[in-house]
Number of protein chains: 2
Amino acid sequence: MKAFDQYRNPALAVDLVVFGYYENSLNVLLLNRKEEPFKNRWTLPGAFLQMEETFLDTCNRVLNTKLGMDNFFLEQLYSFDAPERDPRGRVIAVAYYALINPSKFEIVAGNMANDVQWFSIDELPKLGFDHKDILDAAVKRLRAKILYNPVGFELLNDEFTMPELHRLYETILQTSIDRRNFRRKILDSDYLVSSGSKREGLQNRPPDLYQFNKALKPNKFQINIDLS
Amino acid sequence: MKAFDQYRNPALAVDLVVFGYYENSLNVLLLNRKEEPFKNRWTLPGAFLQMEETFLDTCNRVLNTKLGMDNFFLEQLYSFDAPERDPRGRVIAVAYYALINPSKFEIVAGNMANDVQWFSIDELPKLGFDHKDILDAAVKRLRAKILYNPVGFELLNDEFTMPELHRLYETILQTSIDRRNFRRKILDSDYLVSSGSKREGLQNRPPDLYQFNKALKPNKFQINIDLS
DNA sequence: GCAAAAGTGTTTGCAGTACACCCATGG
DNA sequence: CCATGGGTGTACTGCAAACACTTTTGC
């Protein structure tokens, strides 16, 4: 029997949508290409899958080398197959998205400084390949997921306040949520533990600090926002 | 620049979970392999992606030739990358799932009769490759999706009755749903149009016939079942 | 004392649940 | 006229949306 990998197969890339939240903005990590095609255009970070790698291996390779990151939320998004998505030839892309806290990581520039940069998803440059499609799908997934899963905590510090979490939700969902009802829903879900202390140094009443409950009972909550 | 497809790439298979509903049972289409590996074991239908094909092309190729099917609900499920999932070598699988009405199609046997068969998802044989994982993911997705999307209609005849739809939901979700509340929710969503006539020939009161509203306003409904 | 933001509580209405009753058919 | 399943209505209840008040800080 002929080995499969000697047939002609499409190349397989793993592309990453890395979300980071700071200064009341949802941001995505983009990479400035220094080679054709799409030279000098911003694109999602990614790499070709090596024969012995799993998807997660490839994700970690990209994130470790280019960004010095590890230990973050990572989830498969979708696979993209448009025949002309890469002008060099047939390339299938398996897209993952990651949620990270930018303050925890230093962005390691690749060969050159300024080739990796955060962009607010409201002020995106024109992207190469079909990466705008991938990014749009990721944003849509994140918005749907955050309504019933505690993924918001991945984007914040270990300790965070209720108003911070509230602003995070309002930013990502691009809507306003009643802060009192929001607080009640989140607290009722038992996903948070009060850390006892308060955030000092702000202008007004110091808000309570919370941590994500690692011994979580899967006590679902549901934020009711119509995304359509 | 060297063409990408001359590098060594994993093979890329498209595997299909074809769901069909009849006789109050959710069934999946399996194929009896006539070659190694997993000779004489039941597996999901699938094919290797050809260079010029999209995923959907491959899906249609499989479904048309083996099953004589077209025009059905088809959605990408997930991509599977376990390194040892195929003993012949590295094969990535992109899984799709389809919803069809078995009464609309004749299963076209491949090279031999009895090599394609419906199995109730409650009485599955041992599957080859990692196809049990894929199937489990598909069932999970279908159960989640049917709660808020009108995909149930794909599995029924063009005209169907409310009790039929109700039984479909109870079967797929493996739970009991109050038929009166179910009816109200579905009708309130405006996804159904009464066809005016009734299903005759049953033993008791003839139930009303409905059709799926093709001019649908995306008027979401929500069946509240805790899937966890 | 005032402004601003955080914490806590209450009212109200609607949607989901749990029911009961009537209707149409076959035998 | 009875059994069986289909169609329709209603009362209750619990949650969520809307909203008001108090508390704590900086200046």
# chains A, B, ... in the order shown; residues from 1 in each chain; ligands from 1
call {"tool": "select_by_dssp", "arguments": {"residues": "range 4-193 of chain A", "states": "strand (DSSP E)", "output": "ChimeraX atom specification"}}
result
/A:11-22,25-32,42-43,46-48,73-80,91-100,116-120,159-161,192-193
call {"tool": "write_last_selection", "arguments": {"atoms": "C-alpha atoms", "output": "short mmCIF file (atom, residue, chain, number, x, y, z; two decimals), in the first residue's frame"}}
result
data_model
loop_
_atom_site.label_atom_id
_atom_site.label_comp_id
_atom_site.auth_asym_id
_atom_site.auth_seq_id
_atom_site.Cartn_x
_atom_site.Cartn_y
_atom_site.Cartn_z
CA ALA A 11 -1.40 22.11 2.52
CA LEU A 12 -2.88 22.51 5.98
CA ALA A 13 -2.45 25.72 7.89
CA VAL A 14 -3.52 26.52 11.43
CA ASP A 15 -4.57 30.14 11.79
CA LEU A 16 -5.10 31.85 15.10
CA VAL A 17 -7.44 34.57 16.25
CA VAL A 18 -5.89 35.80 19.48
CA PHE A 19 -8.24 38.03 21.45
CA GLY A 20 -6.98 40.35 24.13
CA TYR A 21 -8.94 42.86 26.15
CA TYR A 22 -7.66 46.10 27.57
CA SER A 25 -11.60 47.43 23.85
CA LEU A 26 -11.60 43.95 22.39
CA ASN A 27 -8.43 43.53 20.41
CA VAL A 28 -6.99 40.98 18.09
CA LEU A 29 -3.34 40.18 17.44
CA LEU A 30 -2.22 40.74 13.87
CA LEU A 31 1.03 40.09 12.13
CA ASN A 32 2.55 42.21 9.42
CA TRP A 42 -1.81 42.50 8.28
CA THR A 43 -2.80 38.88 8.75
CA GLY A 46 -0.52 30.97 11.77
CA ALA A 47 1.70 28.16 10.59
CA PHE A 48 1.60 25.08 8.48
CA PHE A 73 -8.02 29.39 26.54
CA LEU A 74 -7.89 27.84 23.09
CA GLU A 75 -10.74 26.43 21.06
CA GLN A 76 -11.21 25.22 17.53
CA LEU A 77 -13.33 27.59 15.50
CA TYR A 78 -13.92 26.34 11.98
CA SER A 79 -12.08 25.06 8.93
CA PHE A 80 -11.84 27.18 5.81
CA VAL A 91 -4.30 25.63 1.48
CA ILE A 92 -6.91 24.50 3.96
CA ALA A 93 -7.00 26.52 7.15
CA VAL A 94 -8.08 25.19 10.50
CA ALA A 95 -8.85 28.22 12.62
CA TYR A 96 -8.54 28.39 16.39
CA TYR A 97 -9.25 31.29 18.66
CA ALA A 98 -7.49 32.13 21.90
CA LEU A 99 -8.42 34.36 24.81
CA ILE A 100 -5.52 35.92 26.65
CA VAL A 116 3.08 41.99 15.74
CA GLN A 117 0.45 44.37 17.03
CA TRP A 118 -2.88 44.58 18.77
CA PHE A 119 -5.79 46.05 16.83
CA SER A 120 -9.18 46.94 18.16
CA GLU A 159 -8.50 39.38 40.42
CA PHE A 160 -11.09 41.62 38.89
CA THR A 161 -14.06 43.70 39.92
CA LEU A 192 -17.07 33.91 41.25
CA VAL A 193 -15.41 33.88 44.64
#
call {"tool": "interface_residues", "arguments": {"of": "chain B", "to": "chain C", "cutoff": "8 Å", "atoms": "only C-alpha atoms (C1' of nucleotides)", "output": "PDB file with all heavy atoms, in the first residue's frame"}}
result
ATOM      1  N   GLN B 203     -55.588   6.192  13.452  1.00  0.00           N
ATOM      2  CA  GLN B 203     -56.659   5.562  14.215  1.00  0.00           C
ATOM      3  C   GLN B 203     -57.571   6.559  14.914  1.00  0.00           C
ATOM      4  O   GLN B 203     -58.760   6.306  15.070  1.00  0.00           O
ATOM      5  CB  GLN B 203     -56.041   4.624  15.258  1.00  0.00           C
ATOM      6  CG  GLN B 203     -55.265   3.478  14.611  1.00  0.00           C
ATOM      7  CD  GLN B 203     -54.735   2.507  15.619  1.00  0.00           C
ATOM      8  OE1 GLN B 203     -54.234   2.918  16.652  1.00  0.00           O
ATOM      9  NE2 GLN B 203     -54.859   1.223  15.330  1.00  0.00           N
ATOM     10  N   ASN B 204     -57.017   7.671  15.297  1.00  0.00           N
ATOM     11  CA  ASN B 204     -57.804   8.592  16.115  1.00  0.00           C
ATOM     12  C   ASN B 204     -58.062   9.898  15.378  1.00  0.00           C
ATOM     13  O   ASN B 204     -58.042   9.921  14.151  1.00  0.00           O
ATOM     14  CB  ASN B 204     -57.089   8.832  17.431  1.00  0.00           C
ATOM     15  CG  ASN B 204     -56.831   7.519  18.142  1.00  0.00           C
ATOM     16  OD1 ASN B 204     -57.749   6.745  18.380  1.00  0.00           O
ATOM     17  ND2 ASN B 204     -55.579   7.246  18.423  1.00  0.00           N
ATOM     18  N   ARG B 205     -58.252  10.918  16.122  1.00  0.00           N
ATOM     19  CA  ARG B 205     -58.535  12.222  15.500  1.00  0.00           C
ATOM     20  C   ARG B 205     -57.407  12.629  14.545  1.00  0.00           C
ATOM     21  O   ARG B 205     -56.243  12.629  14.919  1.00  0.00           O
ATOM     22  CB  ARG B 205     -58.672  13.270  16.608  1.00  0.00           C
ATOM     23  CG  ARG B 205     -58.825  14.673  16.073  1.00  0.00           C
ATOM     24  CD  ARG B 205     -59.104  15.657  17.178  1.00  0.00           C
ATOM     25  NE  ARG B 205     -59.240  16.994  16.661  1.00  0.00           N
ATOM     26  CZ  ARG B 205     -59.636  18.030  17.381  1.00  0.00           C
ATOM     27  NH1 ARG B 205     -59.927  17.862  18.666  1.00  0.00           N
ATOM     28  NH2 ARG B 205     -59.744  19.214  16.851  1.00  0.00           N
ATOM     29  N   PRO B 206     -57.741  13.018  13.326  1.00  0.00           N
ATOM     30  CA  PRO B 206     -56.693  13.353  12.346  1.00  0.00           C
ATOM     31  C   PRO B 206     -55.986  14.647  12.735  1.00  0.00           C
ATOM     32  O   PRO B 206     -56.642  15.672  12.924  1.00  0.00           O
ATOM     33  CB  PRO B 206     -57.474  13.536  11.043  1.00  0.00           C
ATOM     34  CG  PRO B 206     -58.828  12.970  11.284  1.00  0.00           C
ATOM     35  CD  PRO B 206     -59.080  13.106  12.750  1.00  0.00           C
TER      36      PRO B 206
END
call {"tool": "interface_residues", "arguments": {"of": "chain D", "to": "chain A", "cutoff": "10 Å", "atoms": "only C-alpha atoms (C1' of nucleotides)", "output": "list in words"}}
result
DA16, DA17, DA18, DT23, DT24, DT25, DG26 and DC27 of chain D
call {"tool": "write_last_selection", "arguments": {"atoms": "C-alpha atoms (C1' of nucleotides)", "output": "PDB file, in the first residue's frame"}}
result
ATOM      1  C1'  DA D  16     -35.794  38.596  34.662  1.00  0.00           C
ATOM      2  C1'  DA D  17     -36.289  43.378  33.424  1.00  0.00           C
ATOM      3  C1'  DA D  18     -36.943  47.925  35.189  1.00  0.00           C
ATOM      4  C1'  DT D  23     -22.671  53.622  50.626  1.00  0.00           C
ATOM      5  C1'  DT D  24     -17.943  54.948  49.917  1.00  0.00           C
ATOM      6  C1'  DT D  25     -14.415  57.301  48.019  1.00  0.00           C
ATOM      7  C1'  DG D  26     -11.816  62.004  46.005  1.00  0.00           C
ATOM      8  C1'  DC D  27     -11.786  66.714  45.834  1.00  0.00           C
TER       9       DC D  27
END
call {"tool": "closest_atom_pairs", "arguments": {"of": "chain A", "to": "chain B", "cutoff": "8 Å", "atoms": "only C-alpha atoms", "output": "Markdown table"}}
result
| residue | atom | partner | partner_atom | distance |
| --- | --- | --- | --- | --- |
| A:Ala3 | CA | B:Gly89 | CA | 6.9 |
| A:Phe4 | CA | B:Gly89 | CA | 6.2 |
| A:Asp5 | CA | B:Pro10 | CA | 5.7 |
| A:Gln6 | CA | B:Arg8 | CA | 7.2 |
| A:Tyr7 | CA | B:Ala11 | CA | 7.8 |
| A:Arg8 | CA | B:Asp5 | CA | 6.3 |
| A:Asn9 | CA | B:Ala11 | CA | 5.7 |
| A:Pro10 | CA | B:Asp5 | CA | 5.7 |
| A:Ala11 | CA | B:Asn9 | CA | 5.7 |
| A:Leu12 | CA | B:Asn9 | CA | 7.0 |
| A:Leu49 | CA | B:Asn9 | CA | 7.9 |
| A:Gln50 | CA | B:Asn9 | CA | 7.6 |
| A:Met51 | CA | B:Pro10 | CA | 6.2 |
| A:Glu52 | CA | B:Pro83 | CA | 7.0 |
| A:Glu53 | CA | B:Pro83 | CA | 7.5 |
| A:Thr54 | CA | B:Asp81 | CA | 5.9 |
| A:Phe55 | CA | B:Asp81 | CA | 6.6 |
| A:Gln76 | CA | B:Tyr78 | CA | 7.8 |
| A:Tyr78 | CA | B:Tyr78 | CA | 6.9 |
| A:Ser79 | CA | B:Ser79 | CA | 7.2 |
| A:Asp81 | CA | B:Thr54 | CA | 5.9 |
| A:Ala82 | CA | B:Thr54 | CA | 6.6 |
| A:Pro83 | CA | B:Thr54 | CA | 6.7 |
| A:Arg88 | CA | B:Ala3 | CA | 6.9 |
| A:Gly89 | CA | B:Phe4 | CA | 6.1 |
| A:Arg90 | CA | B:Met51 | CA | 7.0 |
| A:Val94 | CA | B:Ser79 | CA | 7.7 |
